[in-house]
file structure08.cif (mmCIF, C-alpha atoms and all ligand atoms)
data_upload
#
loop_
_atom_site.group_PDB
_atom_site.id
_atom_site.type_symbol
_atom_site.label_atom_id
_atom_site.label_comp_id
_atom_site.auth_asym_id
_atom_site.auth_seq_id
_atom_site.Cartn_x
_atom_site.Cartn_y
_atom_site.Cartn_z
ATOM 1 C CA MET A 221 17.998 1.995 -20.303
ATOM 2 C CA ASN A 222 17.231 -1.196 -22.186
ATOM 3 C CA HIS A 223 14.876 -1.961 -25.059
ATOM 4 C CA GLY A 224 14.301 0.793 -27.588
ATOM 5 C CA VAL A 225 11.324 0.610 -29.955
ATOM 6 C CA ASN A 226 12.545 -2.348 -32.022
ATOM 7 C CA ALA A 227 13.548 -4.486 -29.039
ATOM 8 C CA THR A 228 10.252 -3.708 -27.303
ATOM 9 C CA LYS A 229 8.315 -4.691 -30.397
ATOM 10 C CA ALA A 230 10.258 -7.967 -30.716
ATOM 11 C CA PHE A 231 9.873 -8.798 -27.014
ATOM 12 C CA LEU A 232 6.117 -8.295 -26.994
ATOM 13 C CA LYS A 233 5.641 -10.197 -30.220
ATOM 14 C CA ASP A 234 7.630 -13.155 -28.813
ATOM 15 C CA LEU A 235 5.683 -12.962 -25.572
ATOM 16 C CA GLY A 236 2.365 -13.021 -27.433
ATOM 17 C CA ASP A 237 3.527 -16.095 -29.394
ATOM 18 C CA ILE A 238 4.692 -17.914 -26.254
ATOM 19 C CA LEU A 239 1.460 -17.162 -24.406
ATOM 20 C CA GLU A 240 -0.440 -18.898 -27.193
ATOM 21 C CA LYS A 241 1.396 -22.060 -26.106
ATOM 22 C CA LYS A 242 1.514 -21.432 -22.354
ATOM 23 C CA LYS A 243 -2.185 -21.730 -21.685
ATOM 24 C CA ALA A 244 -1.783 -21.829 -17.897
ATOM 25 C CA ILE A 245 -0.250 -18.337 -17.873
ATOM 26 C CA LYS A 246 -2.856 -17.037 -20.272
ATOM 27 C CA GLU A 247 -5.669 -18.384 -18.104
ATOM 28 C CA LYS A 248 -4.294 -16.545 -15.094
ATOM 29 C CA LEU A 249 -4.047 -13.321 -17.073
ATOM 30 C CA TYR A 250 -7.643 -13.788 -18.207
ATOM 31 C CA ASP A 251 -9.084 -14.569 -14.773
ATOM 32 C CA GLY A 252 -7.208 -11.678 -13.145
ATOM 33 C CA SER A 253 -5.056 -13.767 -10.793
ATOM 34 C CA LEU A 254 -1.933 -12.616 -12.668
ATOM 35 C CA GLU A 255 -1.126 -9.109 -13.866
ATOM 36 C CA ILE A 256 1.974 -8.110 -15.817
ATOM 37 C CA ALA A 257 3.097 -4.521 -16.300
ATOM 38 C CA PHE A 258 5.886 -3.551 -18.709
ATOM 39 C CA PHE A 259 8.082 -0.541 -18.047
ATOM 40 C CA PRO A 260 10.163 0.191 -21.147
ATOM 41 C CA PRO A 261 11.937 3.544 -21.641
ATOM 42 C CA TYR A 262 9.776 6.538 -22.641
ATOM 43 C CA VAL A 263 10.589 6.193 -26.331
ATOM 44 C CA SER A 264 9.130 2.670 -26.399
ATOM 45 C CA LEU A 265 5.905 3.385 -24.503
ATOM 46 C CA ALA A 266 3.761 4.035 -27.583
ATOM 47 C CA GLU A 267 4.889 0.754 -29.147
ATOM 48 C CA ALA A 268 4.251 -1.156 -25.921
ATOM 49 C CA SER A 269 0.810 0.441 -25.453
ATOM 50 C CA SER A 270 -0.331 -0.546 -28.915
ATOM 51 C CA ARG A 271 1.052 -4.107 -28.550
ATOM 52 C CA ILE A 272 -0.569 -4.880 -25.188
ATOM 53 C CA GLU A 273 -4.035 -4.137 -26.522
ATOM 54 C CA THR A 274 -4.236 -7.791 -27.533
ATOM 55 C CA LEU A 275 -2.626 -9.130 -24.338
ATOM 56 C CA ARG A 276 -5.294 -9.245 -21.658
ATOM 57 C CA GLY A 277 -4.152 -8.676 -18.056
ATOM 58 C CA THR A 278 -1.148 -6.628 -19.120
ATOM 59 C CA PHE A 279 -0.317 -2.974 -18.511
ATOM 60 C CA VAL A 280 2.267 -0.395 -19.472
ATOM 61 C CA GLY A 281 4.049 2.036 -17.198
ATOM 62 C CA ALA A 282 6.870 4.564 -17.308
ATOM 63 C CA GLN A 283 10.143 4.225 -15.411
ATOM 64 C CA ASN A 284 9.956 7.791 -14.108
ATOM 65 C CA VAL A 285 7.877 10.961 -14.383
ATOM 66 C CA TYR A 286 8.081 14.591 -13.267
ATOM 67 C CA HIS A 287 5.580 16.010 -10.787
ATOM 68 C CA GLU A 288 4.809 19.359 -12.471
ATOM 69 C CA GLU A 289 1.904 19.569 -14.904
ATOM 70 C CA ASN A 290 3.794 21.240 -17.769
ATOM 71 C CA GLY A 291 6.125 24.174 -18.447
ATOM 72 C CA ALA A 292 9.832 24.952 -18.579
ATOM 73 C CA PHE A 293 11.286 21.687 -17.240
ATOM 74 C CA THR A 294 13.501 20.723 -20.162
ATOM 75 C CA GLY A 295 13.957 16.997 -20.548
ATOM 76 C CA GLU A 296 11.147 16.045 -18.181
ATOM 77 C CA ILE A 297 7.888 14.219 -18.958
ATOM 78 C CA SER A 298 4.573 14.848 -17.151
ATOM 79 C CA VAL A 299 1.939 12.510 -15.780
ATOM 80 C CA SER A 300 -0.611 13.653 -18.356
ATOM 81 C CA MET A 301 1.894 12.840 -21.118
ATOM 82 C CA ILE A 302 2.441 9.274 -19.943
ATOM 83 C CA LYS A 303 -1.325 8.810 -19.524
ATOM 84 C CA GLU A 304 -1.927 10.066 -23.032
ATOM 85 C CA ILE A 305 0.481 7.456 -24.392
ATOM 86 C CA GLY A 306 -1.349 4.645 -22.576
ATOM 87 C CA CYS A 307 0.413 4.256 -19.225
ATOM 88 C CA THR A 308 -1.527 3.186 -16.150
ATOM 89 C CA HIS A 309 1.519 2.740 -13.885
ATOM 90 C CA CYS A 310 4.830 4.477 -13.154
ATOM 91 C CA ILE A 311 7.904 3.380 -11.199
ATOM 92 C CA ILE A 312 8.762 5.967 -8.557
ATOM 93 C CA GLY A 313 11.910 6.103 -6.431
ATOM 94 C CA HIS A 314 13.819 3.271 -8.097
ATOM 95 C CA SER A 315 17.188 2.856 -6.418
ATOM 96 C CA GLU A 316 19.033 3.889 -9.571
ATOM 97 C CA ARG A 317 17.103 7.155 -9.598
ATOM 98 C CA ARG A 318 17.817 7.650 -5.911
ATOM 99 C CA HIS A 319 21.490 6.693 -5.974
ATOM 100 C CA ILE A 320 22.748 7.447 -9.492
ATOM 101 C CA ILE A 321 20.531 10.379 -10.509
ATOM 102 C CA GLY A 322 20.287 11.731 -6.960
ATOM 103 C CA GLU A 323 16.528 11.936 -6.388
ATOM 104 C CA SER A 324 15.677 12.933 -2.818
ATOM 105 C CA ASN A 325 12.903 11.598 -0.593
ATOM 106 C CA SER A 326 11.109 14.941 -0.904
ATOM 107 C CA LEU A 327 11.164 14.898 -4.725
ATOM 108 C CA ILE A 328 9.939 11.297 -4.650
ATOM 109 C CA ALA A 329 7.091 12.325 -2.309
ATOM 110 C CA ARG A 330 5.954 14.969 -4.836
ATOM 111 C CA LYS A 331 6.011 12.406 -7.645
ATOM 112 C CA MET A 332 3.958 10.017 -5.504
ATOM 113 C CA GLN A 333 1.470 12.792 -4.839
ATOM 114 C CA LYS A 334 1.107 13.721 -8.485
ATOM 115 C CA CYS A 335 0.720 10.117 -9.696
ATOM 116 C CA THR A 336 -1.885 9.216 -7.101
ATOM 117 C CA GLN A 337 -3.850 12.434 -7.683
ATOM 118 C CA GLU A 338 -3.917 11.756 -11.415
ATOM 119 C CA ASP A 339 -4.826 8.071 -11.182
ATOM 120 C CA ILE A 340 -1.475 6.651 -12.228
ATOM 121 C CA ILE A 341 -0.509 3.693 -10.044
ATOM 122 C CA PRO A 342 2.959 4.326 -8.641
ATOM 123 C CA VAL A 343 5.221 1.344 -8.118
ATOM 124 C CA PHE A 344 6.979 2.836 -5.132
ATOM 125 C CA CYS A 345 10.493 1.456 -4.633
ATOM 126 C CA TYR A 346 12.385 1.561 -1.365
ATOM 127 C CA GLY A 347 15.199 -0.403 0.214
ATOM 128 C CA GLU A 348 18.471 -0.245 2.075
ATOM 129 C CA THR A 349 22.041 -0.205 0.786
ATOM 130 C CA LEU A 350 24.499 -2.947 1.789
ATOM 131 C CA GLU A 351 26.224 -0.584 4.214
ATOM 132 C CA GLU A 352 22.917 0.264 5.874
ATOM 133 C CA ARG A 353 22.022 -3.427 6.178
ATOM 134 C CA GLU A 354 25.398 -4.285 7.680
ATOM 135 C CA LYS A 355 24.983 -1.499 10.238
ATOM 136 C CA GLY A 356 21.588 -2.929 11.244
ATOM 137 C CA MET A 357 19.724 0.095 9.882
ATOM 138 C CA THR A 358 17.416 -1.682 7.425
ATOM 139 C CA VAL A 359 14.154 -1.205 9.301
ATOM 140 C CA ASP A 360 14.884 2.467 10.105
ATOM 141 C CA ILE A 361 15.728 3.176 6.464
ATOM 142 C CA ILE A 362 12.627 1.580 5.013
ATOM 143 C CA ASP A 363 10.478 3.171 7.717
ATOM 144 C CA HIS A 364 11.863 6.595 6.766
ATOM 145 C CA GLN A 365 11.515 6.024 3.015
ATOM 146 C CA LEU A 366 7.920 4.814 3.409
ATOM 147 C CA ARG A 367 6.941 7.710 5.669
ATOM 148 C CA SER A 368 8.388 10.371 3.422
ATOM 149 C CA GLY A 369 7.248 8.766 0.158
ATOM 150 C CA LEU A 370 3.662 8.486 1.370
ATOM 151 C CA GLU A 371 3.465 11.948 2.920
ATOM 152 C CA TYR A 372 0.897 13.270 0.428
ATOM 153 C CA VAL A 373 -0.770 9.972 -0.474
ATOM 154 C CA GLU A 374 -4.367 9.441 0.725
ATOM 155 C CA SER A 375 -5.190 6.314 2.746
ATOM 156 C CA GLU A 376 -8.088 5.571 0.423
ATOM 157 C CA THR A 377 -5.718 5.351 -2.543
ATOM 158 C CA ILE A 378 -3.707 2.639 -0.784
ATOM 159 C CA ASN A 379 -6.874 0.845 0.363
ATOM 160 C CA ASN A 380 -8.084 0.773 -3.232
ATOM 161 C CA GLY A 381 -4.911 -0.944 -4.419
ATOM 162 C CA LYS A 382 -3.790 2.155 -6.331
ATOM 163 C CA VAL A 383 -0.274 2.109 -4.895
ATOM 164 C CA ILE A 384 2.117 -0.793 -5.402
ATOM 165 C CA PHE A 385 4.980 -1.168 -2.943
ATOM 166 C CA ALA A 386 8.258 -2.659 -4.164
ATOM 167 C CA TYR A 387 10.858 -3.597 -1.561
ATOM 168 C CA GLU A 388 14.142 -3.605 -3.419
ATOM 169 C CA PRO A 389 17.305 -3.945 -1.342
ATOM 170 C CA VAL A 390 19.856 -1.883 -3.292
ATOM 171 C CA TRP A 391 22.569 -4.558 -2.943
ATOM 172 C CA ALA A 392 20.327 -7.151 -4.608
ATOM 173 C CA ILE A 393 19.527 -5.162 -7.750
ATOM 174 C CA GLY A 394 21.397 -6.355 -10.816
ATOM 175 C CA THR A 395 23.910 -8.281 -8.710
ATOM 176 C CA GLY A 396 22.576 -11.826 -9.106
ATOM 177 C CA ARG A 397 22.330 -11.986 -5.316
ATOM 178 C CA SER A 398 18.720 -11.828 -4.135
ATOM 179 C CA ALA A 399 17.578 -11.310 -0.551
ATOM 180 C CA LYS A 400 17.113 -14.455 1.510
ATOM 181 C CA ALA A 401 13.499 -15.558 1.593
ATOM 182 C CA GLU A 402 13.183 -14.859 5.326
ATOM 183 C CA ASP A 403 14.558 -11.319 4.919
ATOM 184 C CA ALA A 404 12.250 -10.542 1.977
ATOM 185 C CA GLN A 405 9.298 -11.896 3.975
ATOM 186 C CA ASP A 406 10.310 -9.897 7.050
ATOM 187 C CA ILE A 407 10.603 -6.537 5.264
ATOM 188 C CA CYS A 408 7.457 -7.057 3.176
ATOM 189 C CA ASN A 409 5.602 -7.908 6.389
ATOM 190 C CA ARG A 410 7.035 -4.831 8.152
ATOM 191 C CA THR A 411 6.024 -2.711 5.166
ATOM 192 C CA ARG A 412 2.426 -3.720 5.801
ATOM 193 C CA SER A 413 2.567 -2.834 9.496
ATOM 194 C CA ILE A 414 4.450 0.463 8.983
ATOM 195 C CA VAL A 415 1.985 1.643 6.328
ATOM 196 C CA SER A 416 -0.988 0.349 8.303
ATOM 197 C CA ASP A 417 0.103 2.339 11.402
ATOM 198 C CA LEU A 418 0.920 5.385 9.330
ATOM 199 C CA LYS A 419 -2.184 5.555 7.170
ATOM 200 C CA GLY A 420 -4.770 3.502 9.056
ATOM 201 C CA VAL A 421 -5.160 1.017 6.206
ATOM 202 C CA GLU A 422 -5.655 -2.738 6.484
ATOM 203 C CA PRO A 423 -2.241 -4.466 6.191
ATOM 204 C CA ASP A 424 -3.736 -7.018 3.798
ATOM 205 C CA LYS A 425 -4.902 -4.300 1.401
ATOM 206 C CA LEU A 426 -1.320 -3.431 0.472
ATOM 207 C CA ILE A 427 0.171 -4.834 -2.706
ATOM 208 C CA VAL A 428 3.818 -5.575 -1.926
ATOM 209 C CA LEU A 429 6.408 -6.755 -4.444
ATOM 210 C CA TYR A 430 9.953 -7.946 -3.902
ATOM 211 C CA GLY A 431 12.628 -6.895 -6.397
ATOM 212 C CA GLY A 432 16.340 -7.625 -6.731
ATOM 213 C CA SER A 433 17.811 -10.471 -8.813
ATOM 214 C CA VAL A 434 14.504 -12.298 -9.193
ATOM 215 C CA LYS A 435 14.945 -15.134 -11.696
ATOM 216 C CA ARG A 436 13.473 -18.505 -12.572
ATOM 217 C CA GLU A 437 15.654 -20.252 -9.967
ATOM 218 C CA ASN A 438 14.448 -18.245 -6.961
ATOM 219 C CA ALA A 439 10.998 -17.043 -8.057
ATOM 220 C CA GLY A 440 9.138 -20.118 -6.805
ATOM 221 C CA GLU A 441 10.305 -19.471 -3.263
ATOM 222 C CA LEU A 442 10.235 -15.654 -3.195
ATOM 223 C CA LEU A 443 6.886 -15.190 -4.910
ATOM 224 C CA ASN A 444 5.073 -17.691 -2.730
ATOM 225 C CA LEU A 445 6.057 -16.011 0.539
ATOM 226 C CA LYS A 446 3.073 -14.972 2.627
ATOM 227 C CA ASP A 447 3.605 -11.226 2.365
ATOM 228 C CA VAL A 448 5.024 -11.056 -1.171
ATOM 229 C CA ASP A 449 2.426 -10.433 -3.879
ATOM 230 C CA GLY A 450 4.706 -10.269 -6.895
ATOM 231 C CA ALA A 451 8.070 -9.250 -8.302
ATOM 232 C CA LEU A 452 9.732 -6.242 -9.866
ATOM 233 C CA VAL A 453 12.087 -7.796 -12.389
ATOM 234 C CA GLY A 454 15.010 -6.153 -14.179
ATOM 235 C CA GLY A 455 17.636 -8.304 -15.899
ATOM 236 C CA ALA A 456 15.483 -11.427 -16.185
ATOM 237 C CA SER A 457 12.756 -9.471 -17.981
ATOM 238 C CA LEU A 458 14.878 -8.551 -20.988
ATOM 239 C CA LYS A 459 14.234 -11.811 -22.793
ATOM 240 C CA VAL A 460 10.940 -13.673 -22.989
ATOM 241 C CA ASP A 461 12.122 -17.149 -21.946
ATOM 242 C CA PRO A 462 13.669 -16.223 -18.559
ATOM 243 C CA PHE A 463 10.754 -13.864 -17.954
ATOM 244 C CA THR A 464 8.018 -16.442 -18.499
ATOM 245 C CA GLY A 465 10.240 -18.880 -16.535
ATOM 246 C CA ILE A 466 9.662 -16.647 -13.495
ATOM 247 C CA ILE A 467 5.910 -16.949 -13.936
ATOM 248 C CA ASP A 468 6.178 -20.745 -14.383
ATOM 249 C CA SER A 469 8.232 -21.001 -11.161
ATOM 250 C CA TRP A 470 5.698 -18.934 -9.252
ATOM 251 C CA MET A 471 2.862 -21.173 -10.465
ATOM 252 C CA ASN A 472 4.776 -24.377 -9.685
ATOM 253 C CA GLY A 473 6.268 -23.123 -6.401
HETATM 254 P P1 LIG B 1 17.258 -7.003 -11.314
HETATM 255 O O1 LIG B 1 16.701 -5.482 -11.310
HETATM 256 O O2 LIG B 1 16.047 -7.897 -11.391
HETATM 257 O O3 LIG B 1 18.118 -7.066 -12.532
HETATM 258 O O4 LIG B 1 17.994 -7.175 -10.047
HETATM 259 C C1 LIG B 1 15.633 -5.105 -10.513
HETATM 260 C C2 LIG B 1 15.320 -3.670 -10.753
HETATM 261 O O5 LIG B 1 16.010 -3.003 -11.551
HETATM 262 O O6 LIG B 1 14.380 -3.147 -10.152
#
call {"tool": "encode", "arguments": {"input": "structure08.cif", "output": "structure tokens", "more": "lines below"}}
Ligand code: PGA
result
Amino acid sequence: MNHGVNATKAFLKDLGDILEKKKAIKEKLYDGSLEIAFFPPYVSLAEASSRIETLRGTFVGAQNVYHEENGAFTGEISVSMIKEIGCTHCIIGHSERRHIIGESNSLIARKMQKCTQEDIIPVFCYGETLEEREKGMTVDIIDHQLRSGLEYVESETINNGKVIFAYEPVWAIGTGRSAKAEDAQDICNRTRSIVSDLKGVEPDKLIVLYGGSVKRENAGELLNLKDVDGALVGGASLKVDPFTGIIDSWMNG
């Protein structure tokens, strides 16, 4: 719940200006070795969609969506609505939606189904709470969340890179305390084997992000881990300088 229309406009303008100077980042966006997707609140999606038209290699997604096509679901937004406004991606199952709003694994599975059927790339978030980690339940929790979230998702969709996985330990989100590199690597690697066993896809075909207190200072290490393909960034994406700092660290790491 950050960045209304004006803040989104200002952010993307500043980013465009900075990219004119940061040629190395721009080159990577142009050659396809770097992709950036922005997920502002619903009210800012139209602004973001029109702004990214001039920023090659960038995409816009929603932070949430409802799985029904249309009808009496007051306050909800459908997949066709976010597509119409220019979204190609949507975050599904973010920990704040699971733990604050109370979304269940079964609701999340329906949202995953609807997005993948309608060609919206879900950024599927999963991860353990601190209590679960301390009880040694991390692997069981992520295994369960992956199995239920992917229940109605076709293997081919995953093989085609049309699902993005985002391991986000709940205790690392917004706390300034990221996972240790070896733990992020371990769970991102396990994600590949769990999904490969479950859906018969090649482990290397999965796109797996790490999220949770990613910033300039730790991005070089986290984003260059073998099984980590990118980051889902919250706090450090609100201003352009720390955000592009993450990309610089990844490139220099
Ligand atoms: P953070 O948030 O980067 O501020 O920890 C991550 C997220 O909200 O997914």
call {"tool": "residues_around", "arguments": {"input": "structure08.cif", "residues": "Asn325 in chain A", "least_positions_apart": "4", "cutoff": "10 Å", "atoms": "all atoms listed in the file", "output": "ChimeraX atom specification"}}
result
/A:313,318,329-331,364-370
call {"tool": "residues_near_ligand", "arguments": {"input": "structure08.cif", "ligand": "ligand LIG 1 (chain B)", "cutoff": "9 Å", "atoms": "all atoms listed in the file", "output": "ChimeraX atom specification"}}
result
/A:314-316,345,386,388,390-398,431-435,451-457
call {"tool": "residues_around", "arguments": {"input": "structure08.cif", "residues": "Pro260 in chain A", "least_positions_apart": "4", "cutoff": "9 Å", "atoms": "all atoms listed in the file", "output": "MDAnalysis selection string"}}
result
chainID A and resid 221:225 228 264:265 268 280:283
call {"tool": "residues_near_point", "arguments": {"input": "structure08.cif", "point": "(1.8, 10.9, -29.3)", "cutoff": "12 Å", "atoms": "only C-alpha atoms", "output": "list in words"}}
result
Tyr262, Val263, Ser264, Leu265, Ala266, Glu267, Ser269, Ser270, Ser300, Met301, Ile302, Lys303, Glu304, Ile305 and Gly306 of chain A
call {"tool": "closest_residue", "arguments": {"input": "structure08.cif", "among": "A:Met357, A:Ile321, A:Val460, A:Val421", "to": "Glu376 in chain A", "atoms": "all atoms listed in the file"}}
result
A:Val421
call {"tool": "closest_residue", "arguments": {"input": "structure08.cif", "among": "A:Ile297, A:Ala404, A:Ile272, A:Met471", "to": "Ser253 in chain A", "atoms": "only C-alpha atoms"}}
result
A:Met471
call {"tool": "resolve_selection", "arguments": {"input": "structure08.cif", "expression": "the PyMOL selection byres (((chain A and resi 248) around 12) and not hetatm)", "output": "PDB file with C-alpha atoms, in the frame of the given file"}}
result
ATOM      1  CA  LEU A 239       1.460 -17.162 -24.406  1.00  0.00           C
ATOM      2  CA  LYS A 242       1.514 -21.432 -22.354  1.00  0.00           C
ATOM      3  CA  LYS A 243      -2.185 -21.730 -21.685  1.00  0.00           C
ATOM      4  CA  ALA A 244      -1.783 -21.829 -17.897  1.00  0.00           C
ATOM      5  CA  ILE A 245      -0.250 -18.337 -17.873  1.00  0.00           C
ATOM      6  CA  LYS A 246      -2.856 -17.037 -20.272  1.00  0.00           C
ATOM      7  CA  GLU A 247      -5.669 -18.384 -18.104  1.00  0.00           C
ATOM      8  CA  LEU A 249      -4.047 -13.321 -17.073  1.00  0.00           C
ATOM      9  CA  TYR A 250      -7.643 -13.788 -18.207  1.00  0.00           C
ATOM     10  CA  ASP A 251      -9.084 -14.569 -14.773  1.00  0.00           C
ATOM     11  CA  GLY A 252      -7.208 -11.678 -13.145  1.00  0.00           C
ATOM     12  CA  SER A 253      -5.056 -13.767 -10.793  1.00  0.00           C
ATOM     13  CA  LEU A 254      -1.933 -12.616 -12.668  1.00  0.00           C
ATOM     14  CA  GLU A 255      -1.126  -9.109 -13.866  1.00  0.00           C
ATOM     15  CA  ILE A 256       1.974  -8.110 -15.817  1.00  0.00           C
ATOM     16  CA  LEU A 275      -2.626  -9.130 -24.338  1.00  0.00           C
ATOM     17  CA  ARG A 276      -5.294  -9.245 -21.658  1.00  0.00           C
ATOM     18  CA  GLY A 277      -4.152  -8.676 -18.056  1.00  0.00           C
ATOM     19  CA  THR A 278      -1.148  -6.628 -19.120  1.00  0.00           C
ATOM     20  CA  ILE A 467       5.910 -16.949 -13.936  1.00  0.00           C
ATOM     21  CA  ASP A 468       6.178 -20.745 -14.383  1.00  0.00           C
ATOM     22  CA  TRP A 470       5.698 -18.934  -9.252  1.00  0.00           C
ATOM     23  CA  MET A 471       2.862 -21.173 -10.465  1.00  0.00           C
TER      24      MET A 471
END
call {"tool": "closest_residue", "arguments": {"input": "structure08.cif", "among": "A:Ile427, A:Pro261, A:Arg412, A:Ala401", "to": "Ile341 in chain A", "atoms": "all atoms listed in the file"}}
result
A:Ile427
call {"tool": "closest_residue", "arguments": {"input": "structure08.cif", "among": "A:Val343, A:Leu442, A:Cys310, A:Ile238", "to": "Gly381 in chain A", "atoms": "only C-alpha atoms"}}
result
A:Val343
call {"tool": "closest_residue", "arguments": {"input": "structure08.cif", "among": "A:Thr411, A:Asn379, A:Thr464, A:Ser469", "to": "Gly347 in chain A", "atoms": "all atoms listed in the file"}}
result
A:Thr411
call {"tool": "residues_near_point", "arguments": {"input": "structure08.cif", "point": "(5.1, -8.1, -2.2)", "cutoff": "7 Å", "atoms": "all atoms listed in the file", "output": "count of residues only"}}
result
12
call {"tool": "atom_distance", "arguments": {"input": "structure08.cif", "atom1": "CA of Pro423 in chain A", "atom2": "CA of Leu350 in chain A"}}
result
27.1 Å
call {"tool": "closest_residue", "arguments": {"input": "structure08.cif", "among": "A:His287, A:Lys233, A:His309, A:His319", "to": "Lys334 in chain A", "atoms": "only C-alpha atoms"}}
result
A:His287
call {"tool": "atom_distance", "arguments": {"input": "structure08.cif", "atom1": "CA of Glu273 in chain A", "atom2": "CA of Phe463 in chain A"}}
result
19.7 Å
call {"tool": "axis_aligned_box", "arguments": {"input": "structure08.cif", "around": "range 434-452 of chain A", "padding_each_side": "4 Å", "output": "lines of an AutoDock Vina configuration file"}}
result
center_x = 9.0
center_y = -13.2
center_z = -5.0
size_x = 21.2
size_y = 22.0
size_z = 23.2
call {"tool": "atom_distance", "arguments": {"input": "structure08.cif", "atom1": "CA of Thr336 in chain A", "atom2": "CA of Lys382 in chain A"}}
result
7.4 Å
call {"tool": "residues_around", "arguments": {"input": "structure08.cif", "residues": "Thr358 in chain A", "least_positions_apart": "6", "cutoff": "9 Å", "atoms": "only C-alpha atoms", "output": "VMD selection string"}}
result
chain A and resid 347 to 349 352 407
